[in-house]
Amino acid sequence: MAATDNKQPDQRGGFWNDSGKAGIGSWIFSTDHKRIGLLYFYSTFGFFLVGVLLGLLLRIELMAPGRTIMGPQTYNALFTVHGVVMIFLFIIPGFQGSFGNLVMPIQIGARDVSFPRLNLFSWWIYMIGALVVLTALFTGGGPPDTGWTFYVPFSARTGTNVSLAVLGVFIIGFSSILTGINFVTTIHRLRAEGMGWYRLPLFTWSLYATAWIQILATPILAITLVLIIAERLLGTGLFDPGQGGDPVMFQHLFWIYSHPAVYIMILPAMGVISDIIPVFSRKPIFGYKMIVFSSIAIAAAGSLVWGHHMFTSGMSDTAVLVFSFLTFVVAIPSAIKVFNWVSTLYRGSISLEAPMLFALTFILLFSIGGLSGLILGAAATDIHVHDTHFVVGHFHYVMFGGTGFAFFAAMHYWLPKFYGRRYAEKPALVAWGLMFVGFNILYFTMQVLGMKGMPRRYYDYLPEFADLNLVATIGSWILAVGLLIMVINLFRGLWWGVPFEGNPWGGATLEWSVPTPPPTENFEQEPVVTHGPYDFKGTGIP
Amino acid sequence: MSQPHHKDYAGAKLGMWLFLFTELLLFGGMFILYAVYLARYPHEFAAGGKQLHWVMGTVNTVILLTSSLFVAMAVTALQRGEVRRTIGLISGTIICAAGFLVIKYFEWSAKIGHGIFPGSPHLKEGPPGESVFFSLYYMTTGIHGLHVVIGSILLAWIALKVKHGSVHSGDYVLLENGALYWHLVDLIWIFIFPLYYLVL
């Protein structure tokens with residue numbers, strides 16, 4: 001991928017032609033945070049497109065009852081690989097790796113991250129892990145068929161290539177931990193003069209909260225995955241009731257990481273939205289400090305709610321009540337953010353350009369997803385919709401409608417800054433419209449299906465679900481067409497589009513004060529920060 | 001691991017401390033399992049603990065504590081610019097680590113000789129809690145042993161750097177971080193030792 005961005009580095013200027021070296025080596029061995037950011041961007045976004053294709057295939061299979069295009073084993077493998085690719089290869093490393101790397105050091109006025117070589121190393125570990133996961137698909141007993149959650153006892157017994165896939169995810173976990181350490185250290189140590197904690201842009205704040213979750217939660221996933229491999233290879237039996245183990249303990253350990261991990265996925269997205277909304281409303285963000293505190297509160301409280309994935313697993317009623325209560329507690333900081341974004345819009349001078357449209361869509365879709373999450377978080381209703389398509393719909397509303405759309409917003413907002421060229425506005429709006437419509441047809445229908453009782457991860461279903469499944473599949477096609485237009489328009493623009501210079505959107509954060517594309521070490525001289533990140537008057541931006 | 005412009009010592013140490021947290025949490029997962037299964041099978045855990053050789057465990061504890069002392073002294077020696085003494089002390093640490101692993105090897109092979117290893121027929125016939133105890137024992141001490149190996153390699157690499165002069169009395173944060181890592185390996189053993197050998 002990196003080779004293709006190398007086509008015309010000379011005309012771009014800035015960090016594109018600094019090293020004097022050319023070719024792929026100047027990318028994959030570069031310690032420049034912007035180059036590493038683009039490496040991450042192309043690798044994670046590439047995996048995203050793979051995941052989209054797998055998702056489309058799953059929807060085609062579910063278009064009609066019975067066998068449509070694949071058998072049950074293939075279906076099981078596809079939804080597993082779709083989940084593993086989307087979660088571990090795209091959405092967890094995606095934001096931190098690509099936009100975190102591209103933007104965060106500039107936003108705090110630094111030349112680079114604290115440990116540039118470690119940063120490059122993280123990307124390499126990520127790629128090695130991804131390679132191991134991909135190898136798992138084509139070797140041994142075939143692609144894993146456990147679902148991305150790798151639940152025991154099935155994952156300990158299935159003949160498919162679970163061990164290797166799990167090893168790949170384990171390796172990627174290291175990359176995530178090292179990025180987290182790097183970012184926390186960078187934000188503590190390398191802020192420019194005048195960049196106090198309350199002048200940090202909210203995107204950087206959200207990366208900071210995310211980095212802490214990566215540091216505190218990922219090791220638990222690592223040990224859990226090691227224990228699965230030991231279970232399969234050595235027969236340790238720690239999760240095997242036949243040998244005195246307890247499979248529910250696996251679920252606890254798994255979700256102790258994997259629930260906080262959804263905040264790894266959503267927090268940077270919330271940060272992007274908090275950066276974009278004020279710029280396109282021409283108003284300072286409403287309630288800056290509350291957004292900061294709510295990020296920290298989400299990171300903290302979100303670490304204590306993992307049990308809500310396990311209401312039907314046979315925990316004690318006390319545990320169910322406590323986890324249910326804590327789940328509702330997490331809804332509070334999330335709602336604070338939504339109210340703050342909406343209040344920022346109030347009486348703002350709103351310009352509906354592509355980044356803003358995606359950002360507004362985030363608010364709507366995330367709210368729908370978040371509210372449906374409360375239905376799942378309430379123990380009484382969860383019993384009915386647990387493991388149905390309602391969960392699938394909820395998760396995609398939050399993760400795709402939330403993080404995905406925020407990722408697209410970030411792509412439209414920041415990538416032109418780093419390429420010096422921009423996409424065409426009209427096709428971007430058309431793409432947005434199609435995606436918005438297709439998205440809701442697809443996932444809202446899934447939620448309805450779930451309410452009616454259609455289980456998830458089933459290859460076949462009862463005839464009464466047929467109509468709605470067809471509707472959902474048609475929605476997936478509309479969504480895919482929109483996505484395709486967006487990708488073509490965006491990348492065409494970045495290569496051949498009209499030049500993008502200066503600060504056309506009037507952002508007040510530091511990345512808009514440096515040349516386009518930014519030079520290698522970002523700042524000619526160390527910047528001194530004199531105004532807040534959303535203080536448009538202080539910067540003289542009209 | 002630092003900026004080409006100016007070395008950020010505090011940053012390098014902060015990064016290392018964060019990494020040590022992640023290591024603690026990694027073992028934390030196994031300590032959680034230990035706690036839950038201990039509550040479920042107190043008698044089997046007590047019986048399992050009695051089968052472990054507490055003398056070997058004690059000797060290993062002393063060895064690791066000594067190795068930690070050596071590496072701490074190595075940091076001080078390097079601060080004073082005593083390169084040869086630094087290398088000698090680091091070597092002392094690595095020799096202790098090797099001794100630890102040798103004793104661990106004898107412990108493990110004796111147990112395996114008695115048919116006690118994960119998935120063994122002996123454990124499958126016994127009470128379920130015994131199997132859980134020994135599986136946890138092997139996993140925890142195995143992963144700890146792996147950390148001893150990694151730490152030794154790390155310290156050997158740092159000793160080479162000291163010898164070549166790229167880590168010296170004016171720039172010794174790498175040795176400090178290596179020593180921190182070694183103390184962590186020691187610290188985790190300080191928890192493993194009583195939990196498995198003594199308490200029960």
# chains A, B, ... in the order shown; residues from 1 in each chain; ligands from 1
>>> residues_around(residues="range 239-247 of chain A", least_positions_apart="5", cutoff="10 Å", atoms="only C-alpha atoms", output="ChimeraX atom specification")
/A:151-153,156,227-228,231,252,313 /B:33,36-37,40-41,119,123-133,135
>>> residues_around(residues="Gly66 in chain A", least_positions_apart="2", cutoff="7 Å", atoms="only C-alpha atoms", output="list of chain:residue names")
A:Ala64, A:Thr68, A:Asp460
>>> residues_around(residues="range 525-529 of chain A", least_positions_apart="6", cutoff="7 Å", atoms="only C-alpha atoms", output="list in words")
Gly109, Ala192, Glu193, Gly194 and Met195 of chain A
>>> residues_around(residues="Val50 in chain A", least_positions_apart="5", cutoff="9 Å", atoms="only C-alpha atoms", output="PyMOL selection string")
chain A and resi 45+55+82+85-86
>>> closest_atom_pairs(of="chain A", to="chain B", cutoff="10 Å", atoms="only C-alpha atoms", output="CSV")
residue,atom,partner,partner_atom,distance
A:Arg111,CA,B:Gln3,CA,9.3
A:Asp112,CA,B:Gln3,CA,8.3
A:Val113,CA,B:Gln3,CA,8.4
A:Ser114,CA,B:Ser2,CA,6.5
A:Phe115,CA,B:Met1,CA,5.2
A:Pro116,CA,B:Met1,CA,7.1
A:Arg117,CA,B:Met1,CA,6.2
A:Leu118,CA,B:Met1,CA,6.5
A:Asn119,CA,B:Met1,CA,9.5
A:Ile177,CA,B:Thr22,CA,7.8
A:Leu178,CA,B:Phe19,CA,7.9
A:Gly180,CA,B:Leu18,CA,9.1
A:Ile181,CA,B:Gly15,CA,5.8
A:Asn182,CA,B:Gly15,CA,6.8
A:Phe183,CA,B:Gly15,CA,9.4
A:Val184,CA,B:Gly15,CA,8.0
A:Thr185,CA,B:Gly15,CA,5.9
A:Thr186,CA,B:Gly11,CA,7.7
A:His188,CA,B:Gly11,CA,8.0
A:Arg189,CA,B:Gly11,CA,6.1
A:Leu190,CA,B:Gly11,CA,8.7
A:Trp212,CA,B:Leu18,CA,9.3
A:Gln214,CA,B:Thr22,CA,9.3
A:Ile215,CA,B:Thr22,CA,6.0
A:Leu216,CA,B:Thr22,CA,6.3
A:Ala217,CA,B:Leu25,CA,8.0
A:Thr218,CA,B:Thr22,CA,7.8
A:Pro219,CA,B:Leu26,CA,4.7
A:Ile220,CA,B:Leu26,CA,5.5
A:Leu221,CA,B:Leu26,CA,8.3
A:Ala222,CA,B:Leu26,CA,6.9
A:Ile223,CA,B:Leu26,CA,5.7
A:Thr224,CA,B:Gly29,CA,7.5
A:Val226,CA,B:Met139,CA,9.3
A:Leu227,CA,B:Met139,CA,8.1
A:Ala230,CA,B:Met139,CA,8.3
A:Glu231,CA,B:Pro118,CA,9.1
A:Leu233,CA,B:Gly119,CA,9.8
A:Leu234,CA,B:Pro118,CA,6.2
A:Gly235,CA,B:Gly119,CA,4.8
A:Thr236,CA,B:Pro118,CA,4.7
A:Gly237,CA,B:Val132,CA,7.0
A:Leu238,CA,B:Val132,CA,5.8
A:Phe239,CA,B:Val132,CA,9.0
A:Asp240,CA,B:Val132,CA,9.4
A:Pro241,CA,B:Pro128,CA,8.4
A:Gly242,CA,B:Pro128,CA,7.4
A:Gln243,CA,B:Pro128,CA,4.9
A:Gly244,CA,B:Pro128,CA,4.2
A:Gly245,CA,B:Val132,CA,6.3
A:Asp246,CA,B:Tyr37,CA,8.9
A:Met249,CA,B:Leu33,CA,7.5
A:Phe250,CA,B:Leu33,CA,9.4
A:Leu253,CA,B:Gly29,CA,7.1
A:Ile256,CA,B:Gly29,CA,9.6
>>> residues_around(residues="Leu167 in chain A", least_positions_apart="5", cutoff="8 Å", atoms="only C-alpha atoms", output="VMD selection string")
chain A and resid 129 132 to 133 225 to 226 229
>>> residues_around(residues="range 291-296 of chain A", least_positions_apart="3", cutoff="6 Å", atoms="only C-alpha atoms", output="list in words")
Ala209, Tyr288, Ala299, Pro333 and Lys337 of chain A
>>> write_last_selection(atoms="N, CA and C atoms", output="mmCIF file, in the first residue's frame")
data_model
loop_
_atom_site.group_PDB
_atom_site.id
_atom_site.type_symbol
_atom_site.label_atom_id
_atom_site.label_comp_id
_atom_site.auth_asym_id
_atom_site.auth_seq_id
_atom_site.Cartn_x
_atom_site.Cartn_y
_atom_site.Cartn_z
ATOM 1 N N ALA A 209 -7.248 9.175 27.161
ATOM 2 C CA ALA A 209 -8.096 8.232 27.903
ATOM 3 C C ALA A 209 -8.019 6.843 27.279
ATOM 4 N N TYR A 288 -16.292 22.277 27.576
ATOM 5 C CA TYR A 288 -15.020 21.584 27.311
ATOM 6 C C TYR A 288 -14.650 20.638 28.444
ATOM 7 N N ALA A 299 -13.724 5.960 30.487
ATOM 8 C CA ALA A 299 -12.604 5.025 30.579
ATOM 9 C C ALA A 299 -12.613 4.305 31.920
ATOM 10 N N PRO A 333 -21.928 9.658 31.264
ATOM 11 C CA PRO A 333 -20.921 10.465 30.547
ATOM 12 C C PRO A 333 -21.114 10.453 29.036
ATOM 13 N N LYS A 337 -21.710 13.910 26.670
ATOM 14 C CA LYS A 337 -21.040 14.298 25.424
ATOM 15 C C LYS A 337 -22.065 14.669 24.362
#
>>> closest_residue(among="A:Leu479, A:Val329, A:Ala301, A:Leu58", to="Leu442 in chain A", atoms="only C-alpha atoms")
A:Leu479
>>> closest_residue(among="A:Leu483, A:Ile60, A:Leu39, A:Met127", to="Val471 in chain A", atoms="only C-alpha atoms")
A:Ile60
>>> residues_around(residues="range 448-451 of chain A", least_positions_apart="2", cutoff="6 Å", atoms="only C-alpha atoms", output="number ranges by chain")
A: 388-390, 445-446, 453-454
>>> write_last_selection(atoms="C-alpha atoms", output="compact mmCIF listing (two decimals), in the first residue's frame")
# COMPACT_ATOMS: atom_id res chain seq x y z
CA THR A 388 -30.18 -12.15 18.86
CA HIS A 389 -29.78 -9.88 15.86
CA PHE A 390 -30.71 -7.04 18.21
CA THR A 445 -33.94 -3.93 10.37
CA MET A 446 -31.50 -6.14 12.25
CA GLY A 453 -36.39 -13.38 18.06
CA MET A 454 -33.96 -14.08 15.25
>>> select_by_dssp(residues="range 3-198 of chain B", states="alpha helix (DSSP H)", output="PyMOL selection string")
chain B and resi 9-40+42-51+54-79+83-113+121-125+128-164+173-193
>>> atom_distance(atom1="CA of His531 in chain A", atom2="CA of Gly287 in chain A")
16.5 Å
